$ cat start01.txt   # compact mmCIF, N, CA and C atoms
# COMPACT_ATOMS: atom_id res chain seq x y z
N MET E 1 -210.18 -116.79 -50.87
CA MET E 1 -209.65 -117.61 -51.93
C MET E 1 -210.45 -118.91 -51.99
N THR E 2 -210.88 -119.26 -53.17
CA THR E 2 -211.63 -120.50 -53.32
C THR E 2 -210.69 -121.61 -53.79
N ILE E 3 -211.02 -122.81 -53.40
CA ILE E 3 -210.23 -123.97 -53.77
C ILE E 3 -210.96 -124.70 -54.87
N ALA E 4 -210.23 -125.14 -55.89
CA ALA E 4 -210.83 -125.85 -57.01
C ALA E 4 -211.41 -127.17 -56.55
N LYS E 5 -212.37 -127.66 -57.30
CA LYS E 5 -212.95 -128.96 -57.01
C LYS E 5 -211.86 -130.02 -57.11
N PRO E 6 -211.90 -131.04 -56.26
CA PRO E 6 -210.84 -132.06 -56.29
C PRO E 6 -210.71 -132.75 -57.65
N SER E 7 -211.81 -133.01 -58.33
CA SER E 7 -211.71 -133.72 -59.60
C SER E 7 -211.03 -132.85 -60.66
N ARG E 8 -211.31 -131.55 -60.67
CA ARG E 8 -210.67 -130.66 -61.63
C ARG E 8 -209.18 -130.54 -61.33
N ALA E 9 -208.85 -130.39 -60.06
CA ALA E 9 -207.44 -130.27 -59.68
C ALA E 9 -206.69 -131.57 -59.99
N GLN E 10 -207.31 -132.69 -59.72
CA GLN E 10 -206.66 -133.96 -60.01
C GLN E 10 -206.46 -134.15 -61.51
N GLY E 11 -207.43 -133.72 -62.31
CA GLY E 11 -207.30 -133.83 -63.77
C GLY E 11 -206.18 -132.97 -64.30
N LEU E 12 -206.09 -131.73 -63.81
CA LEU E 12 -205.01 -130.85 -64.26
C LEU E 12 -203.65 -131.37 -63.80
N LEU E 13 -203.60 -131.88 -62.59
CA LEU E 13 -202.34 -132.43 -62.09
C LEU E 13 -201.93 -133.67 -62.90
N ALA E 14 -202.89 -134.51 -63.24
CA ALA E 14 -202.59 -135.69 -64.05
C ALA E 14 -202.13 -135.28 -65.44
N LEU E 15 -202.76 -134.25 -66.02
CA LEU E 15 -202.35 -133.76 -67.33
C LEU E 15 -200.92 -133.24 -67.30
N ALA E 16 -200.60 -132.46 -66.28
CA ALA E 16 -199.24 -131.93 -66.14
C ALA E 16 -198.24 -133.06 -65.92
N ALA E 17 -198.59 -134.02 -65.06
CA ALA E 17 -197.67 -135.13 -64.77
C ALA E 17 -197.43 -135.99 -66.01
N LEU E 18 -198.47 -136.26 -66.77
CA LEU E 18 -198.30 -137.09 -67.96
C LEU E 18 -197.48 -136.39 -69.04
N SER E 19 -197.75 -135.11 -69.25
CA SER E 19 -197.00 -134.41 -70.30
C SER E 19 -195.54 -134.22 -69.90
N LEU E 20 -195.28 -133.85 -68.66
CA LEU E 20 -193.89 -133.69 -68.23
C LEU E 20 -193.20 -135.04 -68.07
N GLY E 21 -193.97 -136.07 -67.72
CA GLY E 21 -193.40 -137.42 -67.66
C GLY E 21 -192.99 -137.94 -69.03
N ALA E 22 -193.74 -137.57 -70.06
CA ALA E 22 -193.37 -137.97 -71.42
C ALA E 22 -192.06 -137.31 -71.84
N VAL E 23 -191.88 -136.06 -71.45
CA VAL E 23 -190.62 -135.38 -71.75
C VAL E 23 -189.49 -136.03 -70.97
N GLY E 24 -189.74 -136.39 -69.73
CA GLY E 24 -188.72 -137.08 -68.93
C GLY E 24 -188.33 -138.41 -69.55
N ALA E 25 -189.30 -139.16 -70.02
CA ALA E 25 -189.00 -140.44 -70.67
C ALA E 25 -188.20 -140.24 -71.95
N ALA E 26 -188.52 -139.18 -72.70
CA ALA E 26 -187.77 -138.89 -73.92
C ALA E 26 -186.33 -138.51 -73.60
N LEU E 27 -186.14 -137.76 -72.51
CA LEU E 27 -184.78 -137.39 -72.13
C LEU E 27 -183.98 -138.60 -71.65
N VAL E 28 -184.65 -139.53 -70.98
CA VAL E 28 -183.96 -140.75 -70.55
C VAL E 28 -183.53 -141.56 -71.77
N THR E 29 -184.42 -141.71 -72.75
CA THR E 29 -184.03 -142.47 -73.93
C THR E 29 -182.92 -141.78 -74.71
N GLN E 30 -182.90 -140.44 -74.66
CA GLN E 30 -181.84 -139.72 -75.37
C GLN E 30 -180.50 -139.86 -74.68
N HIS E 31 -180.47 -139.65 -73.37
CA HIS E 31 -179.19 -139.58 -72.68
C HIS E 31 -178.71 -140.92 -72.12
N VAL E 32 -179.62 -141.80 -71.79
CA VAL E 32 -179.21 -143.11 -71.24
C VAL E 32 -179.03 -144.13 -72.36
N PHE E 33 -179.99 -144.17 -73.29
CA PHE E 33 -179.94 -145.18 -74.35
C PHE E 33 -179.37 -144.64 -75.66
N ASP E 34 -178.91 -143.41 -75.65
CA ASP E 34 -178.25 -142.77 -76.80
C ASP E 34 -179.10 -142.81 -78.06
N MET E 35 -180.38 -142.49 -77.93
CA MET E 35 -181.27 -142.36 -79.09
C MET E 35 -181.45 -140.87 -79.36
N GLN E 36 -180.79 -140.36 -80.37
CA GLN E 36 -180.84 -138.94 -80.67
C GLN E 36 -182.18 -138.57 -81.31
N PRO E 37 -182.80 -137.48 -80.86
CA PRO E 37 -184.10 -137.10 -81.39
C PRO E 37 -183.98 -136.34 -82.71
N CYS E 38 -185.02 -136.43 -83.50
CA CYS E 38 -185.08 -135.63 -84.72
C CYS E 38 -185.59 -134.23 -84.35
N PRO E 39 -185.49 -133.27 -85.26
CA PRO E 39 -185.96 -131.92 -84.94
C PRO E 39 -187.44 -131.85 -84.59
N TRP E 40 -188.26 -132.68 -85.21
CA TRP E 40 -189.69 -132.68 -84.88
C TRP E 40 -189.92 -133.19 -83.47
N CYS E 41 -189.12 -134.14 -83.03
CA CYS E 41 -189.24 -134.66 -81.67
C CYS E 41 -188.89 -133.61 -80.63
N VAL E 42 -187.89 -132.79 -80.95
CA VAL E 42 -187.51 -131.71 -80.05
C VAL E 42 -188.65 -130.70 -79.95
N LEU E 43 -189.29 -130.39 -81.07
CA LEU E 43 -190.43 -129.48 -81.07
C LEU E 43 -191.59 -130.07 -80.26
N GLN E 44 -191.80 -131.36 -80.38
CA GLN E 44 -192.86 -132.02 -79.63
C GLN E 44 -192.59 -131.95 -78.13
N ARG E 45 -191.35 -132.08 -77.73
CA ARG E 45 -191.00 -131.95 -76.31
C ARG E 45 -191.34 -130.57 -75.80
N LEU E 46 -191.05 -129.55 -76.61
CA LEU E 46 -191.37 -128.18 -76.23
C LEU E 46 -192.87 -128.01 -76.05
N GLU E 47 -193.65 -128.60 -76.93
CA GLU E 47 -195.11 -128.51 -76.81
C GLU E 47 -195.60 -129.22 -75.54
N PHE E 48 -195.02 -130.37 -75.22
CA PHE E 48 -195.42 -131.07 -74.00
C PHE E 48 -195.07 -130.28 -72.75
N VAL E 49 -193.92 -129.62 -72.75
CA VAL E 49 -193.55 -128.78 -71.61
C VAL E 49 -194.53 -127.61 -71.49
N ALA E 50 -194.90 -127.02 -72.62
CA ALA E 50 -195.86 -125.92 -72.59
C ALA E 50 -197.23 -126.38 -72.09
N ILE E 51 -197.68 -127.55 -72.51
CA ILE E 51 -198.96 -128.09 -72.02
C ILE E 51 -198.89 -128.32 -70.51
N GLY E 52 -197.79 -128.87 -70.03
CA GLY E 52 -197.63 -129.08 -68.59
C GLY E 52 -197.63 -127.78 -67.83
N ALA E 53 -196.98 -126.75 -68.38
CA ALA E 53 -196.96 -125.45 -67.71
C ALA E 53 -198.33 -124.81 -67.67
N VAL E 54 -199.09 -124.91 -68.75
CA VAL E 54 -200.44 -124.36 -68.76
C VAL E 54 -201.34 -125.11 -67.78
N ALA E 55 -201.18 -126.42 -67.70
CA ALA E 55 -201.97 -127.19 -66.74
C ALA E 55 -201.63 -126.82 -65.30
N LEU E 56 -200.36 -126.59 -65.02
CA LEU E 56 -199.98 -126.16 -63.67
C LEU E 56 -200.48 -124.75 -63.38
N LEU E 57 -200.50 -123.89 -64.40
CA LEU E 57 -201.07 -122.56 -64.24
C LEU E 57 -202.55 -122.66 -63.90
N GLY E 58 -203.24 -123.61 -64.51
CA GLY E 58 -204.65 -123.82 -64.21
C GLY E 58 -204.90 -124.25 -62.78
N LEU E 59 -203.94 -124.95 -62.18
CA LEU E 59 -204.07 -125.31 -60.77
C LEU E 59 -204.01 -124.08 -59.88
N VAL E 60 -203.19 -123.12 -60.26
CA VAL E 60 -203.03 -121.91 -59.46
C VAL E 60 -204.20 -120.95 -59.68
N TRP E 61 -204.62 -120.82 -60.93
CA TRP E 61 -205.69 -119.89 -61.30
C TRP E 61 -206.99 -120.67 -61.33
N SER E 62 -207.65 -120.77 -60.18
CA SER E 62 -208.77 -121.70 -60.03
C SER E 62 -210.14 -121.07 -60.23
N SER E 63 -210.23 -119.86 -60.77
CA SER E 63 -211.53 -119.27 -61.02
C SER E 63 -212.16 -119.90 -62.26
N ALA E 64 -213.42 -119.59 -62.51
CA ALA E 64 -214.11 -120.14 -63.68
C ALA E 64 -213.45 -119.66 -64.97
N LEU E 65 -213.05 -118.40 -65.00
CA LEU E 65 -212.35 -117.87 -66.17
C LEU E 65 -211.00 -118.56 -66.33
N GLY E 66 -210.32 -118.81 -65.24
CA GLY E 66 -209.02 -119.48 -65.30
C GLY E 66 -209.11 -120.87 -65.87
N VAL E 67 -210.17 -121.59 -65.51
CA VAL E 67 -210.35 -122.95 -66.03
C VAL E 67 -210.60 -122.90 -67.53
N ARG E 68 -211.41 -121.96 -67.98
CA ARG E 68 -211.68 -121.85 -69.42
C ARG E 68 -210.43 -121.48 -70.20
N VAL E 69 -209.67 -120.53 -69.66
CA VAL E 69 -208.43 -120.13 -70.34
C VAL E 69 -207.44 -121.29 -70.37
N THR E 70 -207.36 -122.04 -69.27
CA THR E 70 -206.46 -123.19 -69.21
C THR E 70 -206.86 -124.24 -70.24
N LEU E 71 -208.13 -124.56 -70.30
CA LEU E 71 -208.57 -125.59 -71.25
C LEU E 71 -208.37 -125.14 -72.69
N LEU E 72 -208.64 -123.87 -72.98
CA LEU E 72 -208.40 -123.36 -74.33
C LEU E 72 -206.91 -123.35 -74.67
N GLY E 73 -206.07 -123.02 -73.69
CA GLY E 73 -204.64 -123.04 -73.92
C GLY E 73 -204.12 -124.44 -74.20
N VAL E 74 -204.56 -125.40 -73.42
CA VAL E 74 -204.13 -126.79 -73.63
C VAL E 74 -204.64 -127.29 -74.98
N LEU E 75 -205.88 -126.96 -75.32
CA LEU E 75 -206.43 -127.39 -76.60
C LEU E 75 -205.66 -126.76 -77.76
N ALA E 76 -205.31 -125.49 -77.64
CA ALA E 76 -204.56 -124.83 -78.71
C ALA E 76 -203.16 -125.44 -78.87
N LEU E 77 -202.54 -125.79 -77.77
CA LEU E 77 -201.20 -126.39 -77.83
C LEU E 77 -201.24 -127.83 -78.33
N ALA E 78 -202.33 -128.53 -78.08
CA ALA E 78 -202.41 -129.93 -78.45
C ALA E 78 -202.74 -130.15 -79.93
N THR E 79 -203.19 -129.09 -80.60
CA THR E 79 -203.55 -129.27 -82.02
C THR E 79 -202.42 -128.99 -82.94

$ encode --input "start01.txt" --output "structure tokens"
Amino acid sequence: MTIAKPSRAQGLLALAALSLGAVGAALVTQHVFDMQPCPWCVLQRLEFVAIGAVALLGLVWSSALGVRVTLLGVLALAT
């Protein structure tokens, strides 16, 4: 089993942490500060969770093909 380069792994981990952290912040504003989201905001949360999941999948699947699939998946979700 090969281990991914530290910079690639750190980038994917940062991407996952930022996207899931944004969803966490949105949930805090919804439930603590009683700011109800619009339907588009709920859809955006789903996209951020999907981006975080794909980034975490990229950490596990560390082959060259896995990195390409991960980057294409994140790019497709981000557009």

$ select_by_dssp --input "start01.txt" --residues "chain E" --states "alpha helix (DSSP H)" --output "number ranges by chain"
E: 6-31, 39-60, 64-78

$ closest_residue --input "start01.txt" --among "E:Pro37, E:Gly58, E:Gly24, E:Gly52" --to "Leu71 in chain E" --atoms "only N, CA and C atoms"
E:Gly58

$ residues_near_point --input "start01.txt" --point "(-199.6, -131.0, -76.8)" --cutoff "5 Å" --atoms "all atoms listed in the file" --output "list of chain:residue names"
E:Glu47, E:Phe48, E:Leu77, E:Ala78

$ residues_around --input "start01.txt" --residues "Leu13 in chain E" --least-positions-apart "3" --cutoff "8 Å" --atoms "only N, CA and C atoms" --output "VMD selection string"
chain E and resid 7 to 10 16 to 19 55 to 56 58 to 59

$ write_last_selection --input "start01.txt" --atoms "N, CA and C atoms" --output "short mmCIF file (atom, residue, chain, number, x, y, z; two decimals), in the frame of the given file"
data_model
loop_
_atom_site.label_atom_id
_atom_site.label_comp_id
_atom_site.auth_asym_id
_atom_site.auth_seq_id
_atom_site.Cartn_x
_atom_site.Cartn_y
_atom_site.Cartn_z
N SER E 7 -211.81 -133.01 -58.33
CA SER E 7 -211.71 -133.72 -59.60
C SER E 7 -211.03 -132.85 -60.66
N ARG E 8 -211.31 -131.55 -60.67
CA ARG E 8 -210.67 -130.66 -61.63
C ARG E 8 -209.18 -130.54 -61.33
N ALA E 9 -208.85 -130.39 -60.06
CA ALA E 9 -207.44 -130.27 -59.68
C ALA E 9 -206.69 -131.57 -59.99
N GLN E 10 -207.31 -132.69 -59.72
CA GLN E 10 -206.66 -133.96 -60.01
C GLN E 10 -206.46 -134.15 -61.51
N ALA E 16 -200.60 -132.46 -66.28
CA ALA E 16 -199.24 -131.93 -66.14
C ALA E 16 -198.24 -133.06 -65.92
N ALA E 17 -198.59 -134.02 -65.06
CA ALA E 17 -197.67 -135.13 -64.77
C ALA E 17 -197.43 -135.99 -66.01
N LEU E 18 -198.47 -136.26 -66.77
CA LEU E 18 -198.30 -137.09 -67.96
C LEU E 18 -197.48 -136.39 -69.04
N SER E 19 -197.75 -135.11 -69.25
CA SER E 19 -197.00 -134.41 -70.30
C SER E 19 -195.54 -134.22 -69.90
N ALA E 55 -201.18 -126.42 -67.70
CA ALA E 55 -201.97 -127.19 -66.74
C ALA E 55 -201.63 -126.82 -65.30
N LEU E 56 -200.36 -126.59 -65.02
CA LEU E 56 -199.98 -126.16 -63.67
C LEU E 56 -200.48 -124.75 -63.38
N GLY E 58 -203.24 -123.61 -64.51
CA GLY E 58 -204.65 -123.82 -64.21
C GLY E 58 -204.90 -124.25 -62.78
N LEU E 59 -203.94 -124.95 -62.18
CA LEU E 59 -204.07 -125.31 -60.77
C LEU E 59 -204.01 -124.08 -59.88
#

$ atom_distance --input "start01.txt" --atom1 "CA of Leu27 in chain E" --atom2 "CA of Leu46 in chain E"
12.0 Å

$ build_atoms --input "start01.txt" --residues "range 37-48 of chain E" --atoms "all heavy atoms" --output "PDB file, keeping the file's coordinate frame"
ATOM      1  N   PRO E  37    -182.800-137.480 -80.860  1.00  0.00           N
ATOM      2  CA  PRO E  37    -184.100-137.100 -81.390  1.00  0.00           C
ATOM      3  C   PRO E  37    -183.980-136.340 -82.710  1.00  0.00           C
ATOM      4  O   PRO E  37    -182.974-135.683 -82.989  1.00  0.00           O
ATOM      5  CB  PRO E  37    -184.649-136.170 -80.305  1.00  0.00           C
ATOM      6  CG  PRO E  37    -183.435-135.542 -79.720  1.00  0.00           C
ATOM      7  CD  PRO E  37    -182.389-136.626 -79.749  1.00  0.00           C
ATOM      8  N   CYS E  38    -185.020-136.430 -83.500  1.00  0.00           N
ATOM      9  CA  CYS E  38    -185.080-135.630 -84.720  1.00  0.00           C
ATOM     10  C   CYS E  38    -185.590-134.230 -84.350  1.00  0.00           C
ATOM     11  O   CYS E  38    -186.065-134.012 -83.235  1.00  0.00           O
ATOM     12  CB  CYS E  38    -186.023-136.300 -85.722  1.00  0.00           C
ATOM     13  SG  CYS E  38    -187.753-136.321 -85.212  1.00  0.00           S
ATOM     14  N   PRO E  39    -185.490-133.270 -85.260  1.00  0.00           N
ATOM     15  CA  PRO E  39    -185.960-131.920 -84.940  1.00  0.00           C
ATOM     16  C   PRO E  39    -187.440-131.850 -84.590  1.00  0.00           C
ATOM     17  O   PRO E  39    -187.845-131.054 -83.739  1.00  0.00           O
ATOM     18  CB  PRO E  39    -185.665-131.132 -86.220  1.00  0.00           C
ATOM     19  CG  PRO E  39    -184.530-131.858 -86.852  1.00  0.00           C
ATOM     20  CD  PRO E  39    -184.765-133.305 -86.529  1.00  0.00           C
ATOM     21  N   TRP E  40    -188.260-132.680 -85.210  1.00  0.00           N
ATOM     22  CA  TRP E  40    -189.690-132.680 -84.880  1.00  0.00           C
ATOM     23  C   TRP E  40    -189.920-133.190 -83.470  1.00  0.00           C
ATOM     24  O   TRP E  40    -190.828-132.735 -82.767  1.00  0.00           O
ATOM     25  CB  TRP E  40    -190.480-133.517 -85.875  1.00  0.00           C
ATOM     26  CG  TRP E  40    -190.585-132.872 -87.213  1.00  0.00           C
ATOM     27  CD1 TRP E  40    -189.966-133.271 -88.358  1.00  0.00           C
ATOM     28  CD2 TRP E  40    -191.315-131.696 -87.549  1.00  0.00           C
ATOM     29  NE1 TRP E  40    -190.271-132.429 -89.375  1.00  0.00           N
ATOM     30  CE2 TRP E  40    -191.102-131.443 -88.919  1.00  0.00           C
ATOM     31  CE3 TRP E  40    -192.131-130.830 -86.833  1.00  0.00           C
ATOM     32  CZ2 TRP E  40    -191.673-130.372 -89.586  1.00  0.00           C
ATOM     33  CZ3 TRP E  40    -192.699-129.752 -87.501  1.00  0.00           C
ATOM     34  CH2 TRP E  40    -192.477-129.528 -88.849  1.00  0.00           C
ATOM     35  N   CYS E  41    -189.120-134.140 -83.030  1.00  0.00           N
ATOM     36  CA  CYS E  41    -189.240-134.660 -81.670  1.00  0.00           C
ATOM     37  C   CYS E  41    -188.890-133.610 -80.630  1.00  0.00           C
ATOM     38  O   CYS E  41    -189.507-133.525 -79.573  1.00  0.00           O
ATOM     39  CB  CYS E  41    -188.360-135.890 -81.492  1.00  0.00           C
ATOM     40  SG  CYS E  41    -188.843-137.289 -82.506  1.00  0.00           S
ATOM     41  N   VAL E  42    -187.890-132.790 -80.950  1.00  0.00           N
ATOM     42  CA  VAL E  42    -187.510-131.710 -80.050  1.00  0.00           C
ATOM     43  C   VAL E  42    -188.650-130.700 -79.950  1.00  0.00           C
ATOM     44  O   VAL E  42    -188.984-130.213 -78.858  1.00  0.00           O
ATOM     45  CB  VAL E  42    -186.204-131.049 -80.521  1.00  0.00           C
ATOM     46  CG1 VAL E  42    -185.875-129.831 -79.684  1.00  0.00           C
ATOM     47  CG2 VAL E  42    -185.067-132.051 -80.472  1.00  0.00           C
ATOM     48  N   LEU E  43    -189.290-130.390 -81.070  1.00  0.00           N
ATOM     49  CA  LEU E  43    -190.430-129.480 -81.070  1.00  0.00           C
ATOM     50  C   LEU E  43    -191.590-130.070 -80.260  1.00  0.00           C
ATOM     51  O   LEU E  43    -192.269-129.351 -79.512  1.00  0.00           O
ATOM     52  CB  LEU E  43    -190.874-129.189 -82.499  1.00  0.00           C
ATOM     53  CG  LEU E  43    -192.054-128.250 -82.657  1.00  0.00           C
ATOM     54  CD1 LEU E  43    -191.716-126.867 -82.127  1.00  0.00           C
ATOM     55  CD2 LEU E  43    -192.492-128.176 -84.109  1.00  0.00           C
ATOM     56  N   GLN E  44    -191.800-131.360 -80.380  1.00  0.00           N
ATOM     57  CA  GLN E  44    -192.860-132.020 -79.630  1.00  0.00           C
ATOM     58  C   GLN E  44    -192.590-131.950 -78.130  1.00  0.00           C
ATOM     59  O   GLN E  44    -193.511-131.760 -77.336  1.00  0.00           O
ATOM     60  CB  GLN E  44    -192.997-133.467 -80.091  1.00  0.00           C
ATOM     61  CG  GLN E  44    -194.153-134.198 -79.456  1.00  0.00           C
ATOM     62  CD  GLN E  44    -194.244-135.624 -79.943  1.00  0.00           C
ATOM     63  OE1 GLN E  44    -193.255-136.214 -80.378  1.00  0.00           O
ATOM     64  NE2 GLN E  44    -195.429-136.188 -79.872  1.00  0.00           N
ATOM     65  N   ARG E  45    -191.350-132.080 -77.730  1.00  0.00           N
ATOM     66  CA  ARG E  45    -191.000-131.950 -76.310  1.00  0.00           C
ATOM     67  C   ARG E  45    -191.340-130.570 -75.800  1.00  0.00           C
ATOM     68  O   ARG E  45    -191.865-130.415 -74.697  1.00  0.00           O
ATOM     69  CB  ARG E  45    -189.515-132.225 -76.101  1.00  0.00           C
ATOM     70  CG  ARG E  45    -189.115-133.648 -76.318  1.00  0.00           C
ATOM     71  CD  ARG E  45    -187.627-133.798 -76.112  1.00  0.00           C
ATOM     72  NE  ARG E  45    -187.170-135.100 -76.568  1.00  0.00           N
ATOM     73  CZ  ARG E  45    -185.938-135.520 -76.471  1.00  0.00           C
ATOM     74  NH1 ARG E  45    -185.020-134.744 -75.951  1.00  0.00           N
ATOM     75  NH2 ARG E  45    -185.600-136.707 -76.911  1.00  0.00           N
ATOM     76  N   LEU E  46    -191.050-129.550 -76.610  1.00  0.00           N
ATOM     77  CA  LEU E  46    -191.370-128.180 -76.230  1.00  0.00           C
ATOM     78  C   LEU E  46    -192.870-128.010 -76.050  1.00  0.00           C
ATOM     79  O   LEU E  46    -193.328-127.355 -75.098  1.00  0.00           O
ATOM     80  CB  LEU E  46    -190.829-127.204 -77.269  1.00  0.00           C
ATOM     81  CG  LEU E  46    -191.124-125.735 -77.037  1.00  0.00           C
ATOM     82  CD1 LEU E  46    -190.431-125.259 -75.767  1.00  0.00           C
ATOM     83  CD2 LEU E  46    -190.685-124.919 -78.230  1.00  0.00           C
ATOM     84  N   GLU E  47    -193.650-128.600 -76.930  1.00  0.00           N
ATOM     85  CA  GLU E  47    -195.110-128.510 -76.810  1.00  0.00           C
ATOM     86  C   GLU E  47    -195.600-129.220 -75.540  1.00  0.00           C
ATOM     87  O   GLU E  47    -196.502-128.722 -74.858  1.00  0.00           O
ATOM     88  CB  GLU E  47    -195.776-129.123 -78.040  1.00  0.00           C
ATOM     89  CG  GLU E  47    -195.584-128.294 -79.289  1.00  0.00           C
ATOM     90  CD  GLU E  47    -196.141-128.944 -80.531  1.00  0.00           C
ATOM     91  OE1 GLU E  47    -196.645-130.093 -80.442  1.00  0.00           O
ATOM     92  OE2 GLU E  47    -196.074-128.318 -81.592  1.00  0.00           O
ATOM     93  N   PHE E  48    -195.020-130.370 -75.220  1.00  0.00           N
ATOM     94  CA  PHE E  48    -195.420-131.070 -74.000  1.00  0.00           C
ATOM     95  C   PHE E  48    -195.070-130.280 -72.750  1.00  0.00           C
ATOM     96  O   PHE E  48    -195.827-130.259 -71.783  1.00  0.00           O
ATOM     97  CB  PHE E  48    -194.792-132.466 -73.945  1.00  0.00           C
ATOM     98  CG  PHE E  48    -195.536-133.511 -74.731  1.00  0.00           C
ATOM     99  CD1 PHE E  48    -194.866-134.319 -75.630  1.00  0.00           C
ATOM    100  CD2 PHE E  48    -196.889-133.693 -74.569  1.00  0.00           C
ATOM    101  CE1 PHE E  48    -195.533-135.287 -76.352  1.00  0.00           C
ATOM    102  CE2 PHE E  48    -197.581-134.655 -75.277  1.00  0.00           C
ATOM    103  CZ  PHE E  48    -196.899-135.448 -76.178  1.00  0.00           C
TER     104      PHE E  48
END
